[in-house]
Amino acid sequence: MSAAVAPLLVLGWGNPSRGDDALGPLFVERLMQHAQDALPPGSVECLTDFQLQIEHALDLVGRKRVLLVDASVGLEAPFVISHPRAARDASFSTHALAPAALLQVYTELQREDPPPCTLLAIRADQFELGEAPGGQALADLALALAWAQDWLLTPQLCEREAL
Amino acid sequence: MNTTSLETASNPEGLRRIVIDPVSRVEGHGKVTILLDEMQRVQQVRLHIVEFRGFEKFIEGRPYWEVPVMVQRLCGICPVSHHLAASKALDRVVGAMPVTVSADKLRRLMHYGQIVQSHALHFFHLASPDLLFGLGAERDRRNIVGVAEAYPDTARQGILLRKFGQEIIRATSGKRVHGTGSVPGGMNRVVSAEDHAMLRAEVPQMLTWAQGAVDLVRRLHEQNPALYEGFASSPAPMMSLVGRDGAMELYDGVLRIRDANGAMVVDGVEDQRYRELIDEAVKPWTYMKFPYLRSMGAEAGWYRVGPLARLQNCDFIPTPRAEAQRRAFIDVHGGKVVHAALAFHWARMIEVLHGVEVIADLLDDPDILGGALMASGPRQAQGVGIIEAPRGTLIHDYTVGEDDLVSRCNLIVATTHNNQAMNEAVRSVALQYLDGQTITEPLLNHIEVAIRAYDPCLSCATHALGQMPLAVTLRDATGAVIDHVQRSSSGETVRGGRPHPVVQP
């Protein structure tokens, strides 16, 4: 990994054409606009993909902090923050990898602990092909973005919330 | 027992019902229903695929030039295949027949990058845990993390092979995801000098790893031939593209069909004429259609596509290392046609090796670095694009109006072609492993292994957090729930909770 790796990584995933599943990519797109104004160039890299996958473990290499973002079903709050730890779980038994399993893959590949990761799950409930995100999902997205502006600027936020 | 007879039980009212929903480690949601009688004998088995609705509506009404980009959103696993199949179909509409030499080679490079990355993900991430630890191994080990711990080099190679394929896609399409490189009529970019140098430098290592993957799966076969040659075997005709000279051809060719014994049924059929060969049947218990060969009728005409079909449909593979492996595959099986589900993995790894060889040749070709990229000619109202996607034959068929809008669209994806074949494979496993036995998780996994061998893309569905549990519902003859078990996305097994609704037989 070269020295040009941005210390912060924001990685959101989902299908932009499947209703609320677009929340992850939309979040990244909008946060990137804010980050360009708020942070020095090269401070943060923003990535999107359809799904979290094994090769994303390589995107974590050399980071100081990582924010993972996905739509999530079954939430009561607009969004939920958690701090996944590298662990076995069953979610890698699908094409889509769970954040905890991604960190475990990182550990096995790199033989070191992964960088501190924060998982931002945004409330979602409709996923029809060709549909736009719902009104409630977009409102929740706005709240999540407001929280993330602090995450960008506050290196200690990750550790504090982990307590 | 003929497995097709297990599609519908003669007396479903008096049978116990097991539902596996969704099938784990496959794309999207699938559901297997098994009806047992009072003696726990299998009486009815069906693989339900509940998605694949709305694809055509998603595309119809859009300007044709948007389609190659939009169709990538149909599938999060093989967007490049849709990108290229749509481009090929719409080449006809803009009269670009043929596209330029550079455009053809750049698209091929992109396509074989897709083959390598998709096959690498499937084998190393999805299939290898079952193969390396055994189909009945404890569930905690049968996963990529278990592979990473026990076989760290294998796991790392799988990830880096996939990464290599994705870098090929990025270099040719412009982005890691949702690239725009291929357009109706050709391409809009070439490989940059920087990307070219980086990718060429990686080729020797990728060839070594791809060769190692073929060797690995071959050793597994040789260690347990009874399992690999008998598991979920369901004889069927095979369909794929081949080159006009009979070579394995994954990007552009003519259609060939062999019967279950390997005899030629049809050969050299132009892709634009696919409708003369196949039709699609509808069954009342599933939304997914059942394609069949017109010449054999809806009941008997089901067929198989994908790596196993391609490997045995072609006369040769036009790259030396993969051709040597194809010959070894044939020799190990005594020249007999192979229909066993686990043989898919061997065929898939031979295709990875072939893919890396093709990529190596294309990276040595100056046409990918420059030259004319667009062609045009007399416009047509219709176009068909067929490509051999990682999972099998992918058909895009469009009609475009004079207003440039898509007025009709028909897509047949590989998993739809394989719908009946997967059902037959599941029935075969159910008969072999579940009949008269207690239903256990390892036994249920055998069914999932059979489905996973086809690498099905069941819904091109979303993957929002918390959406992919595995649940099993057991109902008695009256429909009452006897048991319900759900494995959460965190791996916990929870008994009880809300069961699946009753599925009508």
# chains A, B, ... in the order shown; residues from 1 in each chain; ligands from 1
>>> interface_residues(of="chain A", to="chain B", cutoff="9 Å", atoms="only C-alpha atoms", output="number ranges by chain")
A: 13-18, 20-21, 48-55, 58, 70-74, 87-96, 98, 100-101, 104-105, 108-109, 121, 124, 127-130
>>> write_last_selection(atoms="N, CA and C atoms", output="tab-separated table (two decimals), in the first residue's frame")
chain	number	residue	atom	x	y	z
A	13	TRP	N	-22.49	0.53	0.72
A	13	TRP	CA	-22.87	-0.44	-0.30
A	13	TRP	C	-24.37	-0.57	-0.40
A	14	GLY	N	-24.78	-1.06	-1.58
A	14	GLY	CA	-26.20	-1.23	-1.87
A	14	GLY	C	-26.45	-1.01	-3.34
A	15	ASN	N	-27.63	-1.38	-3.80
A	15	ASN	CA	-28.00	-1.22	-5.21
A	15	ASN	C	-28.76	0.10	-5.37
A	16	PRO	N	-28.20	1.03	-6.13
A	16	PRO	CA	-28.86	2.35	-6.26
A	16	PRO	C	-30.24	2.29	-6.88
A	17	SER	N	-30.58	1.20	-7.52
A	17	SER	CA	-31.88	1.09	-8.19
A	17	SER	C	-32.86	0.19	-7.45
A	18	ARG	N	-32.60	-0.08	-6.21
A	18	ARG	CA	-33.52	-0.92	-5.46
A	18	ARG	C	-34.01	-0.21	-4.19
A	20	ASP	N	-34.77	1.57	-0.97
A	20	ASP	CA	-33.96	2.02	0.17
A	20	ASP	C	-32.57	1.39	0.19
A	21	ASP	N	-32.34	0.38	-0.63
A	21	ASP	CA	-30.99	-0.20	-0.68
A	21	ASP	C	-29.97	0.83	-1.19
A	48	THR	N	-17.99	3.13	-3.03
A	48	THR	CA	-19.29	2.46	-3.01
A	48	THR	C	-19.18	1.15	-3.76
A	49	ASP	N	-20.08	0.26	-3.45
A	49	ASP	CA	-20.15	-1.02	-4.18
A	49	ASP	C	-21.55	-1.56	-4.01
A	50	PHE	N	-21.88	-2.57	-4.83
A	50	PHE	CA	-23.19	-3.19	-4.69
A	50	PHE	C	-23.29	-3.97	-3.38
A	51	GLN	N	-22.18	-4.62	-3.04
A	51	GLN	CA	-22.18	-5.47	-1.85
A	51	GLN	C	-20.84	-5.37	-1.16
A	52	LEU	N	-20.86	-5.63	0.12
A	52	LEU	CA	-19.60	-5.79	0.84
A	52	LEU	C	-19.01	-7.14	0.41
A	53	GLN	N	-17.74	-7.16	0.08
A	53	GLN	CA	-17.15	-8.39	-0.40
A	53	GLN	C	-15.76	-8.59	0.16
A	54	ILE	N	-15.22	-9.79	-0.06
A	54	ILE	CA	-13.95	-10.15	0.57
A	54	ILE	C	-12.81	-9.22	0.18
A	55	GLU	N	-12.81	-8.74	-1.07
A	55	GLU	CA	-11.70	-7.91	-1.50
A	55	GLU	C	-11.70	-6.54	-0.82
A	58	LEU	N	-8.95	-5.52	1.52
A	58	LEU	CA	-7.74	-4.84	1.05
A	58	LEU	C	-7.90	-3.32	1.06
A	70	ASP	N	-24.54	0.91	5.45
A	70	ASP	CA	-25.48	0.07	4.70
A	70	ASP	C	-26.90	0.37	5.16
A	71	ALA	N	-27.85	0.08	4.28
A	71	ALA	CA	-29.25	0.09	4.68
A	71	ALA	C	-29.49	-1.11	5.60
A	72	SER	N	-30.47	-0.98	6.47
A	72	SER	CA	-30.72	-2.06	7.41
A	72	SER	C	-32.21	-2.19	7.67
A	73	VAL	N	-32.66	-3.41	7.62
A	73	VAL	CA	-34.08	-3.65	7.89
A	73	VAL	C	-34.28	-3.89	9.38
A	74	GLY	N	-35.46	-3.58	9.84
A	74	GLY	CA	-35.83	-3.92	11.20
A	74	GLY	C	-35.38	-2.94	12.26
A	87	ALA	N	-14.79	-11.18	13.74
A	87	ALA	CA	-15.42	-12.35	14.34
A	87	ALA	C	-15.99	-13.24	13.25
A	88	ARG	N	-16.04	-14.51	13.60
A	88	ARG	CA	-16.77	-15.42	12.74
A	88	ARG	C	-18.25	-15.15	12.87
A	89	ASP	N	-18.92	-15.24	11.78
A	89	ASP	CA	-20.37	-15.28	11.87
A	89	ASP	C	-20.90	-15.97	10.63
A	90	ALA	N	-22.18	-16.01	10.51
A	90	ALA	CA	-22.78	-16.78	9.42
A	90	ALA	C	-23.00	-15.95	8.17
A	91	SER	N	-22.82	-14.66	8.27
A	91	SER	CA	-23.24	-13.83	7.15
A	91	SER	C	-22.35	-13.99	5.94
A	92	PHE	N	-21.13	-14.44	6.16
A	92	PHE	CA	-20.29	-14.67	4.98
A	92	PHE	C	-20.73	-15.93	4.26
A	93	SER	N	-21.76	-16.57	4.74
A	93	SER	CA	-22.29	-17.71	4.02
A	93	SER	C	-23.23	-17.27	2.90
A	94	THR	N	-23.27	-16.01	2.63
A	94	THR	CA	-23.95	-15.52	1.44
A	94	THR	C	-22.92	-14.77	0.60
A	95	HIS	N	-23.32	-14.31	-0.57
A	95	HIS	CA	-22.42	-13.51	-1.39
A	95	HIS	C	-22.03	-12.23	-0.65
A	96	ALA	N	-22.91	-11.76	0.19
A	96	ALA	CA	-22.64	-10.50	0.87
A	96	ALA	C	-21.98	-10.77	2.22
A	98	ALA	N	-20.64	-9.92	5.97
A	98	ALA	CA	-20.97	-9.06	7.11
A	98	ALA	C	-19.73	-8.28	7.51
A	100	ALA	N	-18.36	-7.79	10.37
A	100	ALA	CA	-17.50	-8.53	11.31
A	100	ALA	C	-16.66	-9.57	10.58
A	101	ALA	N	-17.26	-10.22	9.61
A	101	ALA	CA	-16.52	-11.23	8.85
A	101	ALA	C	-15.47	-10.58	7.96
A	104	GLN	N	-12.56	-10.03	10.04
A	104	GLN	CA	-11.87	-11.29	10.30
A	104	GLN	C	-11.00	-11.69	9.09
A	105	VAL	N	-11.54	-11.49	7.90
A	105	VAL	CA	-10.75	-11.77	6.69
A	105	VAL	C	-9.52	-10.87	6.67
A	108	GLU	N	-6.93	-12.27	9.05
A	108	GLU	CA	-6.25	-13.46	8.53
A	108	GLU	C	-5.28	-13.12	7.41
A	109	LEU	N	-5.65	-12.16	6.60
A	109	LEU	CA	-4.80	-11.80	5.47
A	109	LEU	C	-3.60	-10.97	5.87
A	121	ALA	N	-25.71	1.84	10.30
A	121	ALA	CA	-26.86	1.16	9.69
A	121	ALA	C	-28.02	2.13	9.63
A	124	ALA	N	-34.26	1.09	6.77
A	124	ALA	CA	-34.75	0.87	5.41
A	124	ALA	C	-35.83	-0.20	5.44
A	127	PHE	N	-37.45	-2.34	-1.12
A	127	PHE	CA	-36.31	-2.71	-1.96
A	127	PHE	C	-36.72	-3.10	-3.38
A	128	GLU	N	-37.79	-2.55	-3.89
A	128	GLU	CA	-38.25	-2.94	-5.21
A	128	GLU	C	-37.33	-2.41	-6.30
A	129	LEU	N	-37.09	-3.24	-7.30
A	129	LEU	CA	-36.25	-2.83	-8.42
A	129	LEU	C	-36.89	-1.65	-9.16
A	130	GLY	N	-36.08	-0.63	-9.41
A	130	GLY	CA	-36.55	0.53	-10.15
A	130	GLY	C	-37.17	1.61	-9.29
>>> select_by_dssp(residues="region 19-184 of chain B", states="strand (DSSP E or B)", output="list in words")
Val19, Ile20, Asp21, Glu27, Gly30, Lys31, Val32, Thr33, Ile34, Leu35, Leu36, Val42, Gln43, Gln44, Val45, Arg46, Leu47, His48, Ile49, Pro63, Ser182 and Val183 of chain B
>>> closest_residue(among="B:Leu220, B:Ile350, B:Gly174, B:Val101", to="Ala328 (chain B)", atoms="only C-alpha atoms")
B:Ile350
>>> residues_around(residues="region 183-189 of chain B", least_positions_apart="4", cutoff="10 Å", atoms="only C-alpha atoms", output="PyMOL selection string")
chain B and resi 64-69+83-84+86-107+171-174+368-370+372-377
>>> residues_around(residues="region 404-418 of chain B", least_positions_apart="5", cutoff="7 Å", atoms="only C-alpha atoms", output="PyMOL selection string")
chain B and resi 56+60-64+288-291+303-305+391-399+456-458
